[in-house]
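These notes are about the structure you will find just below.
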Amino acid sequence: MAALPPTLEWERELAAQGYTLVAGCDEVGRGALAGPVSVGVVVIDAATAAELPGVKDSKLLRGPVRQALVPAIQEWAQAYAVGHASAAEIDAVGLMSALRLAGTRALAAVAAELLPGYVILDGNHDWLSVPVQPEILFAGPAVEPAVEPAAGPAMTVRTRIKADMTCLSVAAASVLAKVERDAMMVELAQQFPQFGWDGNKGYATAGHRAAIAGHGATDFHRRTWRLT
């Protein structure tokens, strides 16, 4: 039985709570051996946005279908952006901090046009908000997750498991991120054809690992990872 397509049900619930501008946020490239991690953000007017047929989590769509959906998503959204953190940045600060860096870059780009009040983040771990530690361990209430792109006003960030499957704004963000990152890897493949990045997009296929073993890692590989 096929999964139901994502809807605006949750976004409309947020609109009823007073959050007019809602952002869907999703990442791609987390498990790759090469290339960036990329974070897509799509901001909608949750009270007035219409359903957008055909959009699903990017992993469920073929490449040509994803690419064909990009213009419709861009026209549908109030604002959109994709942020990236390079392999070198992943090596320098770790994966979670690199995801935060890419997400903050994407949010800063959309905030130049308008600022969402609420961010729906796919998954069960908030890698987007800056961790806040209490001054005294176990003292006081937990701090609400928030992120401040480009030193702007804080936004509420909440994780939602399988949001890329159920929330249309998040699914749309995943499509934009996947298409942009894939295009980057295809372009890099012209410089490094031996790694097959136009096909594997930097992920850990047997052929990719064998190529790393035979040719060595490039500056676009995550050198702190187990590559072979």
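Letters for chains follow the order of the structure tokens (A, B, ...), residue numbers begin at 1 for each chain, and ligand numbers begin at 1 in the order shown.
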
Legend entry - A:Asp122 surroundings by only C-alpha atoms, 6 Å radius, close-in-sequence under 2 positions cut, as number ranges by chain: A: 26, 159-161, 163

For N, CA, C and O atoms, I'd like the residues from the last selection saved as a CSV table (one decimal), in the first residue's frame.
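Output file selection-v1.csv is given in full below:
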chain,number,residue,atom,x,y,z
A,26,ASP,N,14.6,20.6,5.9
A,26,ASP,CA,15.1,19.2,5.8
A,26,ASP,C,16.5,19.2,5.3
A,26,ASP,O,16.9,20.1,4.6
A,159,THR,N,11.0,19.6,16.2
A,159,THR,CA,11.2,18.5,15.4
A,159,THR,C,9.8,17.7,15.2
A,159,THR,O,9.0,17.8,16.1
A,160,ARG,N,9.7,17.0,14.2
A,160,ARG,CA,8.6,16.2,13.9
A,160,ARG,C,9.0,14.9,13.1
A,160,ARG,O,9.6,15.0,12.0
A,161,ILE,N,8.8,13.8,13.7
A,161,ILE,CA,9.3,12.5,13.1
A,161,ILE,C,8.5,12.3,11.8
A,161,ILE,O,7.3,12.5,11.8
A,163,ALA,N,8.4,14.1,9.3
A,163,ALA,CA,7.8,15.3,8.7
A,163,ALA,C,8.0,15.4,7.2
A,163,ALA,O,7.1,16.0,6.5

Inset, instruction - Just the residues within 10 Å of A:Glu180, please, counting only C-alpha atoms, with nothing from its chain fewer than 2 positions along; format it as a list of chain:residue names. - result: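 Listed by chain and then number, they are A:Val28, A:Ser38, A:Val39, A:Gly40, A:Gln67, A:Val70, A:Val82, A:Gly83, A:His84, A:Val175, A:Leu176, A:Ala177, A:Lys178, A:Asp182, A:Ala183, A:Met184, A:Met185.
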
Inset, instruction - Would you list the contacts of A:Glu13 as number ranges by chain, taking every protein, DNA or RNA residue within 12 Å and counting only C-alpha atoms, but skipping same-chain residues closer than 3 positions in sequence? - result: A: 7-10, 16-20, 22, 46-47, 118, 167

Write a file of the just-selected residues containing N, CA and C atoms, as a PDB file, in the first residue's frame.
ATOM      1  N   THR A   7       0.670  16.532   3.357  1.00  0.00           N
ATOM      2  CA  THR A   7      -0.405  17.526   3.295  1.00  0.00           C
ATOM      3  C   THR A   7      -0.003  18.770   4.080  1.00  0.00           C
ATOM      4  N   LEU A   8      -0.909  19.712   4.146  1.00  0.00           N
ATOM      5  CA  LEU A   8      -0.724  20.935   4.925  1.00  0.00           C
ATOM      6  C   LEU A   8      -1.472  20.876   6.258  1.00  0.00           C
ATOM      7  N   GLU A   9      -1.842  19.685   6.682  1.00  0.00           N
ATOM      8  CA  GLU A   9      -2.641  19.573   7.901  1.00  0.00           C
ATOM      9  C   GLU A   9      -1.930  20.187   9.109  1.00  0.00           C
ATOM     10  N   TRP A  10      -0.670  19.846   9.297  1.00  0.00           N
ATOM     11  CA  TRP A  10       0.055  20.359  10.458  1.00  0.00           C
ATOM     12  C   TRP A  10       0.331  21.851  10.318  1.00  0.00           C
ATOM     13  N   ALA A  16      -3.595  28.136  12.864  1.00  0.00           N
ATOM     14  CA  ALA A  16      -4.675  28.353  13.827  1.00  0.00           C
ATOM     15  C   ALA A  16      -4.141  28.769  15.191  1.00  0.00           C
ATOM     16  N   GLN A  17      -2.891  28.405  15.483  1.00  0.00           N
ATOM     17  CA  GLN A  17      -2.258  28.805  16.743  1.00  0.00           C
ATOM     18  C   GLN A  17      -1.600  30.178  16.655  1.00  0.00           C
ATOM     19  N   GLY A  18      -1.665  30.800  15.483  1.00  0.00           N
ATOM     20  CA  GLY A  18      -1.113  32.143  15.328  1.00  0.00           C
ATOM     21  C   GLY A  18       0.191  32.220  14.572  1.00  0.00           C
ATOM     22  N   TYR A  19       0.702  31.082  14.110  1.00  0.00           N
ATOM     23  CA  TYR A  19       1.935  31.086  13.318  1.00  0.00           C
ATOM     24  C   TYR A  19       1.569  31.203  11.843  1.00  0.00           C
ATOM     25  N   THR A  20       1.653  32.389  11.306  1.00  0.00           N
ATOM     26  CA  THR A  20       1.267  32.588   9.912  1.00  0.00           C
ATOM     27  C   THR A  20       2.332  32.086   8.955  1.00  0.00           C
ATOM     28  N   VAL A  22       5.246  29.758   8.253  1.00  0.00           N
ATOM     29  CA  VAL A  22       5.818  28.506   8.743  1.00  0.00           C
ATOM     30  C   VAL A  22       6.867  28.031   7.747  1.00  0.00           C
ATOM     31  N   ALA A  46       0.978  29.703   6.055  1.00  0.00           N
ATOM     32  CA  ALA A  46       0.272  28.477   6.436  1.00  0.00           C
ATOM     33  C   ALA A  46      -1.244  28.633   6.399  1.00  0.00           C
ATOM     34  N   ALA A  47      -1.730  29.858   6.455  1.00  0.00           N
ATOM     35  CA  ALA A  47      -3.173  30.084   6.460  1.00  0.00           C
ATOM     36  C   ALA A  47      -3.765  30.065   5.056  1.00  0.00           C
ATOM     37  N   TYR A 118       7.873  29.943  12.868  1.00  0.00           N
ATOM     38  CA  TYR A 118       7.904  28.542  13.303  1.00  0.00           C
ATOM     39  C   TYR A 118       8.630  27.728  12.246  1.00  0.00           C
ATOM     40  N   CYS A 167       4.427  16.418   6.121  1.00  0.00           N
ATOM     41  CA  CYS A 167       4.268  17.883   6.050  1.00  0.00           C
ATOM     42  C   CYS A 167       4.741  18.379   4.688  1.00  0.00           C
TER      43      CYS A 167
END

Legend entry - Minimum-distance residue to A:Leu21, chosen among A:Leu115, A:Val110, A:Ile73, A:Val65 (using only C-alpha atoms):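 The answer is A:Leu115, which sits nearest to A:Leu21.
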
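Of note, atom CA of A:Arg226 and atom CA of A:His125 are spaced 23.5 Å apart.
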
Inset, instruction - Extract, using only C-alpha atoms, all DNA, RNA and protein residues at most 10 Å from A:Leu107, discarding same-chain residues fewer than 2 positions from it, and format them as a PyMOL selection string. - result: chain A and resi 23+25+39-43+79-83+101-105+109-112+114-116+119+147-150

List the spatial neighbours of A:Gly202 as a PDB file with N, CA, C and O atoms, in the first residue's frame - criterion: any atom at most 10 Å away, only C-alpha atoms, same-chain residues fewer than 6 positions off excluded.
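Here's the written file result-v4.pdb:
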ATOM      1  N   GLY A  29      22.380  14.615   2.359  1.00  0.00           N
ATOM      2  CA  GLY A  29      23.825  14.449   2.317  1.00  0.00           C
ATOM      3  C   GLY A  29      24.451  14.039   3.625  1.00  0.00           C
ATOM      4  O   GLY A  29      25.682  13.926   3.710  1.00  0.00           O
ATOM      5  N   GLY A  31      24.742  11.193   5.151  1.00  0.00           N
ATOM      6  CA  GLY A  31      25.503   9.952   5.162  1.00  0.00           C
ATOM      7  C   GLY A  31      26.525   9.806   4.052  1.00  0.00           C
ATOM      8  O   GLY A  31      27.129   8.744   3.921  1.00  0.00           O
ATOM      9  N   ALA A  32      26.742  10.846   3.266  1.00  0.00           N
ATOM     10  CA  ALA A  32      27.679  10.757   2.151  1.00  0.00           C
ATOM     11  C   ALA A  32      29.126  10.759   2.638  1.00  0.00           C
ATOM     12  O   ALA A  32      29.438  11.253   3.722  1.00  0.00           O
ATOM     13  N   LEU A  33      30.016  10.238   1.813  1.00  0.00           N
ATOM     14  CA  LEU A  33      31.449  10.285   2.093  1.00  0.00           C
ATOM     15  C   LEU A  33      32.100  11.535   1.519  1.00  0.00           C
ATOM     16  O   LEU A  33      33.192  11.921   1.949  1.00  0.00           O
ATOM     17  N   ALA A  34      31.446  12.134   0.536  1.00  0.00           N
ATOM     18  CA  ALA A  34      32.005  13.306  -0.136  1.00  0.00           C
ATOM     19  C   ALA A  34      30.905  14.328  -0.377  1.00  0.00           C
ATOM     20  O   ALA A  34      29.725  13.994  -0.438  1.00  0.00           O
ATOM     21  N   GLY A  35      31.333  15.567  -0.516  1.00  0.00           N
ATOM     22  CA  GLY A  35      30.385  16.645  -0.785  1.00  0.00           C
ATOM     23  C   GLY A  35      29.827  17.238   0.493  1.00  0.00           C
ATOM     24  O   GLY A  35      30.121  16.794   1.605  1.00  0.00           O
ATOM     25  N   PRO A  36      28.988  18.260   0.339  1.00  0.00           N
ATOM     26  CA  PRO A  36      28.461  18.975   1.496  1.00  0.00           C
ATOM     27  C   PRO A  36      27.267  18.272   2.126  1.00  0.00           C
ATOM     28  O   PRO A  36      26.703  17.341   1.548  1.00  0.00           O
ATOM     29  N   ASP A 182      22.567  17.498  -5.552  1.00  0.00           N
ATOM     30  CA  ASP A 182      22.874  16.583  -6.652  1.00  0.00           C
ATOM     31  C   ASP A 182      23.569  17.313  -7.793  1.00  0.00           C
ATOM     32  O   ASP A 182      24.524  16.794  -8.384  1.00  0.00           O
ATOM     33  N   MET A 185      27.183  17.844  -7.033  1.00  0.00           N
ATOM     34  CA  MET A 185      27.995  16.637  -7.162  1.00  0.00           C
ATOM     35  C   MET A 185      28.215  16.258  -8.625  1.00  0.00           C
ATOM     36  O   MET A 185      29.299  15.774  -8.991  1.00  0.00           O
ATOM     37  N   VAL A 186      27.219  16.479  -9.458  1.00  0.00           N
ATOM     38  CA  VAL A 186      27.386  16.211 -10.891  1.00  0.00           C
ATOM     39  C   VAL A 186      28.449  17.134 -11.478  1.00  0.00           C
ATOM     40  O   VAL A 186      29.290  16.711 -12.290  1.00  0.00           O
ATOM     41  N   LEU A 188      30.968  18.511  -9.790  1.00  0.00           N
ATOM     42  CA  LEU A 188      32.264  18.076  -9.269  1.00  0.00           C
ATOM     43  C   LEU A 188      32.760  16.809  -9.966  1.00  0.00           C
ATOM     44  O   LEU A 188      33.967  16.591 -10.092  1.00  0.00           O
ATOM     45  N   ALA A 189      31.831  15.991 -10.436  1.00  0.00           N
ATOM     46  CA  ALA A 189      32.203  14.756 -11.123  1.00  0.00           C
ATOM     47  C   ALA A 189      32.982  15.034 -12.397  1.00  0.00           C
ATOM     48  O   ALA A 189      33.767  14.184 -12.849  1.00  0.00           O
ATOM     49  N   PHE A 195      35.506   8.980  -9.356  1.00  0.00           N
ATOM     50  CA  PHE A 195      34.714   8.642  -8.169  1.00  0.00           C
ATOM     51  C   PHE A 195      33.229   8.417  -8.471  1.00  0.00           C
ATOM     52  O   PHE A 195      32.481   8.023  -7.587  1.00  0.00           O
ATOM     53  N   GLY A 196      32.805   8.688  -9.693  1.00  0.00           N
ATOM     54  CA  GLY A 196      31.424   8.415 -10.074  1.00  0.00           C
ATOM     55  C   GLY A 196      30.391   9.251  -9.357  1.00  0.00           C
ATOM     56  O   GLY A 196      29.249   8.808  -9.138  1.00  0.00           O
ATOM     57  N   HIS A 208      32.555   3.659  -5.146  1.00  0.00           N
ATOM     58  CA  HIS A 208      33.119   4.899  -4.604  1.00  0.00           C
ATOM     59  C   HIS A 208      34.232   4.578  -3.613  1.00  0.00           C
ATOM     60  O   HIS A 208      35.323   5.176  -3.657  1.00  0.00           O
ATOM     61  N   ARG A 209      33.989   3.631  -2.717  1.00  0.00           N
ATOM     62  CA  ARG A 209      35.024   3.257  -1.743  1.00  0.00           C
ATOM     63  C   ARG A 209      36.263   2.700  -2.460  1.00  0.00           C
ATOM     64  O   ARG A 209      37.405   2.991  -2.071  1.00  0.00           O
ATOM     65  N   PHE A 220      37.254  17.231  -1.330  1.00  0.00           N
ATOM     66  CA  PHE A 220      35.798  17.193  -1.217  1.00  0.00           C
ATOM     67  C   PHE A 220      35.315  15.965  -0.452  1.00  0.00           C
ATOM     68  O   PHE A 220      34.115  15.779  -0.272  1.00  0.00           O
ATOM     69  N   HIS A 221      36.255  15.124  -0.011  1.00  0.00           N
ATOM     70  CA  HIS A 221      35.910  13.993   0.842  1.00  0.00           C
ATOM     71  C   HIS A 221      35.962  14.403   2.305  1.00  0.00           C
ATOM     72  O   HIS A 221      36.707  15.317   2.686  1.00  0.00           O
TER      73      HIS A 221
END

Inset, instruction - Write out as a VMD selection string all residues of stretch 50-213 of chain A that backbone DSSP assigns to strand (DSSP E). - result: chain A and resid 79 to 85 118 to 122 146 to 147 155 to 160

Inset, instruction - Show which residues sit within 8 Å of A:Asp164, as an MDAnalysis selection string. Count only C-alpha atoms, and ignore same-chain residues fewer than 5 positions away. - result: chainID A and resid 6 26 56:57 122 170:171 174

Legend entry - Interatomic distance, atom CA of A:Ile120 to atom CA of A:Lys201 (Å, one decimal):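 Taking atom CA of A:Ile120 and atom CA of A:Lys201, their separation equals 26.2 Å.
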
Inset, instruction - Write out as a PyMOL selection string all residues of stretch 62-172 of chain A that DSSP puts in alpha helix (DSSP H) for this structure's backbone. - result: chain A and resi 63-76+87-93+95-111+163-166+168-172

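Counting only C-alpha atoms and comparing A:Leu227, A:Ala85, A:Ala172, A:Ala49, the residue that lies closest to A:Arg100 is A:Ala85.
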